[in-house]
Each structure stands twice: as C-alpha cells, then as structure tokens.
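*Asks:* One structure, as structure tokens, below. Some questions next.
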Amino acid sequence: MKKKLRKALFWLHLVVGILAGVLIAVMCFTGLVLVFEKEILSWAERDVVELKVEDGAERLSADVMMAQVRAEHPERRFSNLVAANDEGKMWTLRAGRREFVYLNPYTAEVVEPPAAGLREFFWVNFQLHRWMLMKGESRDTGKAINGAANLGFLGLCITGLYLWWPRNLKWKSFKQAMKLKWPKGGQARDFNWHNVFGFWFLLPLIIATATGAYWSYGWARDLYDGALGPRVTRMPLEQPAEQMSRGAQGISLEKQLEIAADWSPEWKTISLPVGKKAIAPWLKNTISVSEGQNFPADPSRLVIDPASGEIVDEQRASELSTKEKWRASIKGVHTGTAGGFIGKLVGALACVAGMLLVYTGFALSWRRLARFRKKKRA
C-alpha cells in the first residue's frame with residue numbers, strides 16, 4: 001500500500017512540476033527581485049533623500065509647505081503628506097498608491113524620484129508576479145493562472161516532503177538526506193540538490209505559497225478569517241465632525257502633526273491627509289503613524305477632532321492581539337519583511353532555492369524521459 005502511494009505521489013509530483021515549473025520559476029525570480037525593492041530604491045535615491053541641513057536651518061510648517069506646493073503645482077492632486085522623524089531626510093507627498101514626490105521640509109521644493117526607470121522595473125516585476133503582466137479585466141485571468149501555479153507549488157512542497165522522507169527511520173539516513181553534496185555526475189548532483197534544497201527551504205516555501213493563495217482565492221481569505229478572525233477594520237479616512245459648521249476653521253496641519261507626534265513619541269513617519277476633502281475643517285481625518293515596526297505591518301492610527309484637537313479615536317498597532325497582528329501582516333509574512341532583514345534574506349534564499357528546484361526537477365525529468373525513449377527503441 002505504501003509503495004503504491006509513494007509511486008502515485010511521485011508521478012503526481014513529477015507531472016505537476018512539469019506543468020507548473022516555468023510559472024513557479026517566474027514567480028520565484030520576480031519574488032527575489034522584489035524582496036529588497038525598498039532597500040535598493042533607498043540606495044539608488046540616497047543623494048536626494050538625504051539632506052544636508054545647514055546649522056540654524058528651521059523646518060517650514062506643514063501648512064506653509066502645502067500652501068507653497070499648491071501655488072507652484074496647481075495641477076497636482078496630492079492625498080497625503082508624509083513627515084519623517086529625521087531632520088536630514090526628505091518628506092514625501094503621495095498621490096495615490098504608487099505616485100509620489102519628495103518634498104524638502106526646509107524649502108518646500110518638490111523633487112521627482114530620480115530612479116524612475118528602476119521603479120518601473122520593480123513595478124513590471126510586481127505585475128508579472130501578480131497578474132502575468134495582464135492588464136484591465138484580463139488581470140483576473142493572470143491572477144488565476146499564477147494562483148493555480150502557486151497552489152501547485154504548495155502541493156509539490158507537501159508531496160516532496162513525503163518523497164524525501166527516508167524509508168529507513170534512522171538518524172544516519174536523515175543526515176545523509178539533508179547533506180549537500182557535490183558529486184561529479186549530473187544526475188547524482190541534481191538529485192541531491194533537489195532533495196537537499198527542497199528540505200532546508202521547505203518551511204519558508206510553504207509559508208510563501210500558503211500566504212500567496214490569499215491574494216488569488218476568496219476561499220483562502222475565508223480560511224484566514226476563520227483561523228485569525230476578520231481583518232481589523234481600518235478607521236475610515238474621513239469622519240464627519242457634526243459639531244462644526246462648514247464655515248468654521250479647523251486646527252492647522254502643523255498642529256495635527258504635533259498632536260500625532262506627542263501621541264507616539266517613537267514615531268518614524270506620520271501621514272497627514274491633505275487632499276481636497278481632507279482640508280475641509282468639518283471633517284475628521286485619520287492620521288497614520290508608523291513606529292518602524294515590521295510586525296504588525298499596519299501603522300497605528302488616530303482620529304483628531306478638527307475643532308478642539310482632541311483625539312477622539314485611536315488604534316495602536318502594538319496593542320493588537322496576536323491573531324490581529326498576524327492577520328494584519330499576511331503580506332509581510334509572504335515577503336519576509338515581517339522578520340526584518342533576516343526574514344527578507346531567508347525569503348530571498350527561498351526564491352533561489354525555488355528556481356534551483358525547478359531546474360533540477362526539469363533536468364531529472366528530462367533524463368528519465370531520455371532513458372524511457374532509449375529503452376523503447378531497444
């Protein structure tokens with residue numbers, strides 16, 4: 001019975017690997033490219049991001065900055081002003097999910113990101129990783145194809161562990177199965193590497209594929225909801241302030257920044273809404289505060305009453321339950337960022353291992369096919 005099961009799982013493993021191998025390699029390659037995207041872009045744009053502040057220089061108030069930006073760039077529509085808790089760093093002005101510019105907090109000068117080509121390279125890789133470069137309504141098709149390949153990879157990890165498991169349950173057998181070797185023969189090398197890399201990177205690959213299913217399938221999201229509870233409801237970006245009339249004056253952006261900074265002394269960045277609706281003083285705006293934590297990935301949030309400056313609602317990331325932290329960090333767990341630099345490094349190595357598994361798997365399959373054809377001709 002065990003022999004038949006092993007044989008069935010072997011052929012299932014081989015067929016799924018051949019069918020999904022190329023897509024798995026593409027996802028691993030693009031995943032490797034994207035792991036250190038933030039660090040690479042920061043390095044590429046360091047000459048712009050890092051400011052040389054003269055002695056005695058004073059930062060402009062957030063209100064003066066925005067007034068000057070709107071006067072000099074009336075055609076631009078920005079949604080958020082992101083302040084950095086570092087006197088030697090540029091601030092940013094965001095206009096949606098991807099578009100942004102740097103803002104000098106001492107002169108209100110707007111600077112376009114200089115590494116535009118590099119950013120486009122990462123964006124293309126992200127689209128390939130997520131949607132097979134498909135656009136518009138076709139994205140659903142691309143997502144389905146990548147999702148199926150991702151599930152196939154998860155299945156390969158599970159069946160691979162069963163096939164790797166030594167039949168002789170002695171430590172010596174396990175030790176040999178875990179040891180990387182450098183045999184001269186191509187087949188022996190490929191077999192050893194396929195088994196060894198598959199074993200040592202099994203856990204990160206299972207984590208990456210299991211979390212990757214979250215973005216592909218509704219049932220996967222339902223499973224996460226069942227295990228970790230529904231996602232923590234984010235505060236709405238705007239809340240009506242009923243006590244203020246439409247002609248009233250609200251507190252300044254600078255005052256909102258001061259309140260948020262006092263609320264979280266360890267803040268790294270504070271995101272203030274500055275869109276057309278956000279500047280209406282009869283609306284309460286949600287301010288996002290990042291303390292630089294990797295886990296959970298979500299920032300803290302607070303809502304300030306525009307009339308009194310009183311904090312009327314708050315949501316501290318550090319006070320989320322363990323389940324809520326995991327629920328808010330699915331992307332960080334998938335990419336490795338939840339584990340900081342070490343997590344990213346493990347994620348990057350797992351991507352390399354994934355590509356090696358595809359290569360060695362194809363090589364072993366090709367040799368098996370060649371032997372079969374040779375035997376058939378004989």
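In the structure tokens, chains take the letters A, B, ... in the order shown, each chain's residues start at 1, and ligands count up from 1 in the order shown.
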Hey, what does DSSP flag as helix (DSSP H, G or I) within region 9-102 of chain A? Can you give it to me as a ChimeraX atom specification?

*Replies:* /A:9-35,37-44,46-49,62-72

*Asks:* Just want the 6 Å neighbourhood of region 194-196 of chain A, counted on only C-alpha atoms, with same-chain residues fewer than 6 positions away dropped. Output as a list of chain:residue names.

*Replies:*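 Within the cut-off, the hits are A:Met178, A:Leu357, A:Thr360.
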
*Asks:* Which one is closest to Glu99 (chain A): A:Pro299, A:Gln256, A:Glu120, A:Ala84? Count only C-alpha atoms.

*Replies:*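 Smallest separation from Glu99 (chain A) among the options: A:Glu120.
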
*Asks:* Ranking A:Arg327, A:Cys28, A:Pro296, A:Trp165 by minimum distance to Leu223 (chain A) and counting only C-alpha atoms, which one comes first?

*Replies:*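 Of A:Arg327, A:Cys28, A:Pro296, A:Trp165, the one nearest Leu223 (chain A) is A:Arg327, counting only C-alpha atoms.
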
*Asks:* What is the distance, in Å and to one decimal place, between CA of Arg139 (chain A) and CA of Thr30 (chain A)?

*Replies:*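 That distance, rounded to one decimal, is 17.0 Å.
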
*Asks:* Skip Asn192 (chain A) itself and residues of its chain fewer than 4 positions away, then list as a VMD selection string all residues within 8 Å of it, counting only C-alpha atoms.

*Replies:* chain A and resid 177 180 to 181 188 196

*Asks:* Return the single residue from A:Ala353, A:Leu156, A:Ala363, A:Met27 that is closest to Val15 (chain A), with distances computed using only C-alpha atoms.

*Replies:* A:Leu156

*Asks:* Would you list the contacts of region 368-370 of chain A as a list in words, taking every protein, DNA or RNA residue within 12 Å and counting only C-alpha atoms, but skipping same-chain residues closer than 5 positions in sequence?

*Replies:*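 Those residues are Trp11, Leu14, Gln187, Phe191, Gly361, Phe362, Ala363, Lys375, Lys376 and Arg377 of chain A.
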
*Asks:* Go through A:Leu205, A:Ala210, A:Lys255, A:Trp193 and flag the residue nearest Glu310 (chain A), using only C-alpha atoms for the distances.

*Replies:*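 Among the listed residues, A:Lys255 lies closest to Glu310 (chain A).
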
*Asks:* As a list in words, please: the residues near region 226-230 of chain A (cut-off 10 Å, only C-alpha atoms, same-chain neighbours under 2 positions excluded).

*Replies:* Ala220, Arg221, Asp222, Leu223, Tyr224, Val232, Thr233, Thr322, Lys323, Glu324, Lys325, Trp326, Arg327 and Ala328 of chain A

*Asks:* Let's have the selection written as a short mmCIF file (atom, residue, chain, number, x, y, z; two decimals), in the first residue's frame, with N, CA and C atoms.

*Replies:*
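The resulting file, result24.cif, is reproduced below:
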data_model
loop_
_atom_site.label_atom_id
_atom_site.label_comp_id
_atom_site.auth_asym_id
_atom_site.auth_seq_id
_atom_site.Cartn_x
_atom_site.Cartn_y
_atom_site.Cartn_z
N ALA A 220 -9.44 31.08 0.21
CA ALA A 220 -8.23 31.18 1.03
C ALA A 220 -8.37 32.31 2.04
N ARG A 221 -8.95 33.42 1.59
CA ARG A 221 -9.18 34.53 2.52
C ARG A 221 -10.17 34.13 3.61
N ASP A 222 -11.17 33.33 3.23
CA ASP A 222 -12.14 32.85 4.23
C ASP A 222 -11.45 31.95 5.27
N LEU A 223 -10.49 31.15 4.81
CA LEU A 223 -9.74 30.30 5.74
C LEU A 223 -8.95 31.14 6.74
N TYR A 224 -8.34 32.20 6.24
CA TYR A 224 -7.59 33.08 7.14
C TYR A 224 -8.53 33.77 8.12
N VAL A 232 -8.78 43.45 10.98
CA VAL A 232 -9.11 44.59 11.83
C VAL A 232 -9.61 45.72 10.95
N THR A 233 -10.80 46.20 11.26
CA THR A 233 -11.41 47.26 10.45
C THR A 233 -10.60 48.53 10.57
N THR A 322 -2.47 39.00 19.27
CA THR A 322 -1.54 38.22 18.45
C THR A 322 -2.18 37.82 17.13
N LYS A 323 -3.44 37.37 17.18
CA LYS A 323 -4.14 36.99 15.96
C LYS A 323 -4.30 38.19 15.03
N GLU A 324 -4.65 39.35 15.60
CA GLU A 324 -4.83 40.55 14.78
C GLU A 324 -3.51 40.98 14.14
N LYS A 325 -2.41 40.81 14.87
CA LYS A 325 -1.10 41.16 14.31
C LYS A 325 -0.76 40.25 13.13
N TRP A 326 -1.01 38.95 13.31
CA TRP A 326 -0.77 38.01 12.20
C TRP A 326 -1.68 38.33 11.03
N ARG A 327 -2.93 38.66 11.34
CA ARG A 327 -3.91 38.96 10.29
C ARG A 327 -3.51 40.20 9.50
N ALA A 328 -2.93 41.18 10.20
CA ALA A 328 -2.53 42.42 9.55
C ALA A 328 -1.19 42.31 8.83
#

*Asks:* Could you list, as a list in words, every residue within 9 Å of region 46-50 of chain A, counting only C-alpha atoms and ignoring same-chain residues fewer than 2 positions away?

*Replies:*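 Non-adjacent residues within range: Leu41, Ser42, Trp43, Ala44, Lys52, Gly88, Lys89, Met90, Trp91, Tyr102, Val111, Pro113 and Pro114 of chain A.
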
*Asks:* From the options A:Gly198, A:Gly96, A:Gly155, A:Gly309, which residue's atoms come nearest to Val274 (chain A), counting only C-alpha atoms?

*Replies:* A:Gly96

*Asks:* Go ahead and compute the interatomic distance for CA of His73 (chain A) and CA of Leu51 (chain A), in Å to one decimal.

*Replies:* 22.2 Å

*Asks:* If you count only C-alpha atoms, which residues fall within 8 Å of Val289 (chain A), apart from same-chain ones fewer than 4 positions away, as a PyMOL selection string?

*Replies:* chain A and resi 260+264+267-271+299-301

*Asks:* What is the distance, in Å and to one decimal place, between CA of Asn125 (chain A) and CA of Phe201 (chain A)?

*Replies:*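 CA of Phe201 (chain A) lies at a distance of 22.9 Å from CA of Asn125 (chain A).
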